[in-house]
Amino acid sequence: MIQGNGFSIKESKFDYFFGRVTSSPHNQARSLQNLQDLKKLGINEAAGGRERLMQILEDGLSSPEVRRTTNDYGTTIVRQVEVSGAEARGAIEIFYFYPGGSSLSARPEISSIIPKIYH
Amino acid sequence: MEIQSIDESLFNKIDGIRQIIAHDHARRFALINLNDIGDYGISWRSDLIEPIVTLSYDQLTTWIGVDRQLAAIEINHGRISVALSLTSNIVQILALPSLTAVLTELEVLLFNMDKSIRCIKGLPDISSQISAYGKNLVIKSLEGDNLILDIETGLFKESIITS
């Protein structure tokens with residue numbers, strides 16, 4: 001588990017975000033989609049993209065909430081950060097997961113992201 | 001059933017009621033032809049992802065999902081019986097004799113055959129695949145863990161099992 005400033009994230013999430021998941025055709029396509037969209041937003045893993053993404057994940061903690069779900073495991077709050085790269089402008093939805101039993105002021109874990117490219 | 005790519009201007013000419021899946025900031029647009037009941041429009045964001053189209057077990061309903069939206073159309077008369085925004089991206093649709101299971105990255109939704117929601121279960125990690133074994137659904141995560149969900153009770157039967 002990687003400890004960011006105010007959040008934590010499993011190392012394996014970066015495989016999903018940066019195109020390295022091959023577990024099923026759909027997951028592979030989604031992982032490659034994440035890779036492509038993050039690159040368009042200027043987040044290239046080979047050029048400091050992981051550090052940039054970590055900063056965005058930190059920035060997201062104080063960004064607007066777009067939706068929230070609660071289940072048996074805890075609460076997920078999705079927040080959106082606007083991002084601009086050389087190739088495109090867009091946003092990243094970030095899924096902050098707060099385990100059941102912990103308060104929402106506790107340190108969340110990143111469960112997923114959804115990059116969005118604007119026209 | 002055909003899925004035909006179209007451009008945004010043509011999509012925008014489709015009656016709103018027939019735009020069964022419409023994402024903001026969409027980059028891909030398509031027509032789905034359901035024979036006697038005509039064409040429906042869908043739009044989505046992910047240019048590397050194709051829509052998931054699955055016929056229900058009784059072959060009376062077409063389920064369509066892509067990115068964060070899901071729809072179900074009753075084939076005999078064209079009624080849209082489900083049009084739903086999902087909380088995370090869709091991964092798979094599985095049609096079974098008694099229900100249809102919709103797997104998203106972080107949830108599994110079970111629909112009864114009348115398209116009412118049987119249950120929505122949150123998942124502890126990003127999912128990869130769902131399959132049926134008797135009265136159970138096995139949900140595999142990207143990490144390789146398996147969750148077993150009893151489709152009769154809607155409860156996870158066992159704790160996470162590492163494969």
# chains A, B, ... in the order shown; residues from 1 in each chain; ligands from 1

call {"tool": "interface_residues", "arguments": {"of": "chain A", "to": "chain B", "cutoff": "8 Å", "atoms": "only C-alpha atoms", "output": "list in words"}}
result
Ser12, Ser23, Ser24, His26, Asn27, Ala29, Arg30, Leu32, Gln33, Arg67, Thr69, Thr70, Asn71, Asp72, Tyr73, Ser111, Ser112, Lys116, Ile117, Tyr118 and His119 of chain A

call {"tool": "closest_atom_pairs", "arguments": {"of": "range 56-110 of chain B", "to": "range 28-42 of chain B", "cutoff": "10 Å", "atoms": "only C-alpha atoms", "output": "tab-separated table"}}
result
residue	atom	partner	partner_atom	distance
B:Thr62	CA	B:Leu34	CA	8.8
B:Ile64	CA	B:Ile42	CA	9.3
B:Gly65	CA	B:Ile42	CA	9.5
B:Val66	CA	B:Ile42	CA	8.9
B:Gln69	CA	B:Ile42	CA	9.8
B:Ala71	CA	B:Ile42	CA	9.9
B:Ile73	CA	B:Leu34	CA	9.2
B:Glu74	CA	B:Ile37	CA	9.5
B:Ile75	CA	B:Ile37	CA	7.3
B:Asn76	CA	B:Ile37	CA	7.6
B:His77	CA	B:Ile37	CA	6.6
B:Gly78	CA	B:Ile37	CA	5.5
B:Arg79	CA	B:Ile37	CA	9.2

call {"tool": "select_by_dssp", "arguments": {"residues": "range 4-163 of chain B", "states": "helix (DSSP H, G or I)", "output": "ChimeraX atom specification"}}
result
/B:8-12,16-18,35-37

call {"tool": "residues_around", "arguments": {"residues": "Leu57 in chain A", "least_positions_apart": "2", "cutoff": "12 Å", "atoms": "only C-alpha atoms", "output": "PyMOL selection string"}}
result
chain A and resi 3-9+50-55+59-63+78-83+91-96+108-114

call {"tool": "write_last_selection", "arguments": {"atoms": "C-alpha atoms", "output": "short mmCIF file (atom, residue, chain, number, x, y, z; two decimals), in the first residue's frame"}}
result
data_model
loop_
_atom_site.label_atom_id
_atom_site.label_comp_id
_atom_site.auth_asym_id
_atom_site.auth_seq_id
_atom_site.Cartn_x
_atom_site.Cartn_y
_atom_site.Cartn_z
CA GLN A 3 0.70 6.26 1.43
CA GLY A 4 -0.15 9.53 -0.25
CA ASN A 5 -0.79 12.82 1.50
CA GLY A 6 -4.20 12.19 3.06
CA PHE A 7 -5.01 8.94 1.24
CA SER A 8 -3.63 5.50 0.44
CA ILE A 9 -3.60 3.47 -2.75
CA ARG A 50 2.58 8.64 -11.37
CA GLU A 51 3.75 11.57 -9.26
CA ARG A 52 1.38 13.92 -11.12
CA LEU A 53 -1.50 11.49 -10.55
CA MET A 54 -0.64 11.23 -6.85
CA GLN A 55 -0.83 15.03 -6.64
CA ASP A 59 -6.01 17.65 -4.74
CA GLY A 60 -9.21 15.65 -5.17
CA LEU A 61 -9.70 15.37 -1.43
CA SER A 62 -10.89 18.99 -1.42
CA SER A 63 -12.63 18.89 -4.81
CA VAL A 78 -16.51 10.31 -5.80
CA ARG A 79 -14.88 13.69 -6.35
CA GLN A 80 -13.96 15.34 -9.61
CA VAL A 81 -10.74 17.20 -10.43
CA GLU A 82 -10.43 19.29 -13.58
CA VAL A 83 -7.24 18.46 -15.48
CA ALA A 91 -11.44 15.75 -15.59
CA ILE A 92 -10.74 12.77 -13.42
CA GLU A 93 -13.40 11.29 -11.17
CA ILE A 94 -11.68 9.83 -8.11
CA PHE A 95 -13.28 7.16 -5.91
CA TYR A 96 -12.33 7.67 -2.24
CA PRO A 108 -9.56 7.06 2.50
CA GLU A 109 -8.26 4.51 0.03
CA ILE A 110 -8.43 5.11 -3.73
CA SER A 111 -10.64 2.41 -5.23
CA SER A 112 -10.86 3.62 -8.84
CA ILE A 113 -10.70 6.58 -11.17
CA ILE A 114 -12.58 7.59 -14.32
#

call {"tool": "atom_distance", "arguments": {"atom1": "CA of Leu110 in chain B", "atom2": "CA of Gly154 in chain B"}}
result
8.5 Å

call {"tool": "atom_distance", "arguments": {"atom1": "CA of Ile3 in chain B", "atom2": "CA of Met113 in chain B"}}
result
24.7 Å

call {"tool": "atom_distance", "arguments": {"atom1": "CA of Glu65 in chain A", "atom2": "CA of Arg89 in chain A"}}
result
19.6 Å

call {"tool": "select_by_dssp", "arguments": {"residues": "range 85-114 of chain A", "states": "strand (DSSP E or B)", "output": "count of residues only"}}
result
17

call {"tool": "residues_around", "arguments": {"residues": "Glu45 in chain A", "least_positions_apart": "6", "cutoff": "12 Å", "atoms": "only C-alpha atoms", "output": "PyMOL selection string"}}
result
chain A and resi 14-15+17-20+34-36+38-39+51-54

call {"tool": "write_last_selection", "arguments": {"atoms": "N, CA and C atoms", "output": "PDB file, in the first residue's frame"}}
result
ATOM      1  N   PHE A  14      -2.175   1.106 -10.008  1.00  0.00           N
ATOM      2  CA  PHE A  14      -1.456   1.777 -11.089  1.00  0.00           C
ATOM      3  C   PHE A  14      -1.379   0.895 -12.329  1.00  0.00           C
ATOM      4  N   ASP A  15      -1.422  -0.425 -12.160  1.00  0.00           N
ATOM      5  CA  ASP A  15      -1.473  -1.309 -13.330  1.00  0.00           C
ATOM      6  C   ASP A  15      -2.767  -1.072 -14.102  1.00  0.00           C
ATOM      7  N   PHE A  17      -4.630   1.701 -13.991  1.00  0.00           N
ATOM      8  CA  PHE A  17      -4.686   3.072 -14.505  1.00  0.00           C
ATOM      9  C   PHE A  17      -3.758   3.261 -15.705  1.00  0.00           C
ATOM     10  N   PHE A  18      -2.665   2.491 -15.747  1.00  0.00           N
ATOM     11  CA  PHE A  18      -1.652   2.726 -16.782  1.00  0.00           C
ATOM     12  C   PHE A  18      -1.534   1.569 -17.779  1.00  0.00           C
ATOM     13  N   GLY A  19      -2.647   0.862 -18.008  1.00  0.00           N
ATOM     14  CA  GLY A  19      -2.727  -0.018 -19.170  1.00  0.00           C
ATOM     15  C   GLY A  19      -2.109  -1.389 -19.056  1.00  0.00           C
ATOM     16  N   ARG A  20      -1.838  -1.869 -17.857  1.00  0.00           N
ATOM     17  CA  ARG A  20      -1.126  -3.144 -17.754  1.00  0.00           C
ATOM     18  C   ARG A  20      -2.008  -4.321 -17.339  1.00  0.00           C
ATOM     19  N   ASN A  34      -7.902   3.822 -19.846  1.00  0.00           N
ATOM     20  CA  ASN A  34      -7.370   4.678 -18.781  1.00  0.00           C
ATOM     21  C   ASN A  34      -6.017   5.252 -19.185  1.00  0.00           C
ATOM     22  N   LEU A  35      -5.157   4.364 -19.689  1.00  0.00           N
ATOM     23  CA  LEU A  35      -3.821   4.790 -20.116  1.00  0.00           C
ATOM     24  C   LEU A  35      -3.905   5.896 -21.162  1.00  0.00           C
ATOM     25  N   GLN A  36      -4.739   5.661 -22.169  1.00  0.00           N
ATOM     26  CA  GLN A  36      -4.857   6.623 -23.271  1.00  0.00           C
ATOM     27  C   GLN A  36      -5.404   7.962 -22.783  1.00  0.00           C
ATOM     28  N   LEU A  38      -5.447   9.205 -19.714  1.00  0.00           N
ATOM     29  CA  LEU A  38      -4.503   9.894 -18.823  1.00  0.00           C
ATOM     30  C   LEU A  38      -3.388  10.554 -19.625  1.00  0.00           C
ATOM     31  N   LYS A  39      -2.925   9.864 -20.673  1.00  0.00           N
ATOM     32  CA  LYS A  39      -1.887  10.473 -21.530  1.00  0.00           C
ATOM     33  C   LYS A  39      -2.394  11.751 -22.168  1.00  0.00           C
ATOM     34  N   GLU A  51       3.656  10.502 -10.260  1.00  0.00           N
ATOM     35  CA  GLU A  51       3.753  11.574  -9.259  1.00  0.00           C
ATOM     36  C   GLU A  51       2.660  12.624  -9.510  1.00  0.00           C
ATOM     37  N   ARG A  52       2.428  12.939 -10.793  1.00  0.00           N
ATOM     38  CA  ARG A  52       1.381  13.916 -11.122  1.00  0.00           C
ATOM     39  C   ARG A  52       0.026  13.373 -10.678  1.00  0.00           C
ATOM     40  N   LEU A  53      -0.216  12.082 -10.934  1.00  0.00           N
ATOM     41  CA  LEU A  53      -1.499  11.490 -10.547  1.00  0.00           C
ATOM     42  C   LEU A  53      -1.646  11.493  -9.030  1.00  0.00           C
ATOM     43  N   MET A  54      -0.575  11.195  -8.316  1.00  0.00           N
ATOM     44  CA  MET A  54      -0.638  11.226  -6.847  1.00  0.00           C
ATOM     45  C   MET A  54      -1.018  12.633  -6.365  1.00  0.00           C
TER      46      MET A  54
END

call {"tool": "closest_atom_pairs", "arguments": {"of": "range 22-99 of chain B", "to": "range 130-139 of chain B", "cutoff": "12 Å", "atoms": "only C-alpha atoms", "output": "JSON lines"}}
result
{"residue": "B:Ile90", "atom": "CA", "partner": "B:Ile130", "partner_atom": "CA", "distance": 11.8}
{"residue": "B:Val91", "atom": "CA", "partner": "B:Ile130", "partner_atom": "CA", "distance": 8.9}
{"residue": "B:Gln92", "atom": "CA", "partner": "B:Ile130", "partner_atom": "CA", "distance": 7.2}
{"residue": "B:Ile93", "atom": "CA", "partner": "B:Ile130", "partner_atom": "CA", "distance": 8.4}
{"residue": "B:Leu94", "atom": "CA", "partner": "B:Ile130", "partner_atom": "CA", "distance": 7.4}
{"residue": "B:Ala95", "atom": "CA", "partner": "B:Ala132", "partner_atom": "CA", "distance": 9.6}
{"residue": "B:Leu96", "atom": "CA", "partner": "B:Ala132", "partner_atom": "CA", "distance": 8.1}
{"residue": "B:Pro97", "atom": "CA", "partner": "B:Lys135", "partner_atom": "CA", "distance": 10.7}
{"residue": "B:Ser98", "atom": "CA", "partner": "B:Lys135", "partner_atom": "CA", "distance": 10.0}
{"residue": "B:Leu99", "atom": "CA", "partner": "B:Lys135", "partner_atom": "CA", "distance": 11.1}
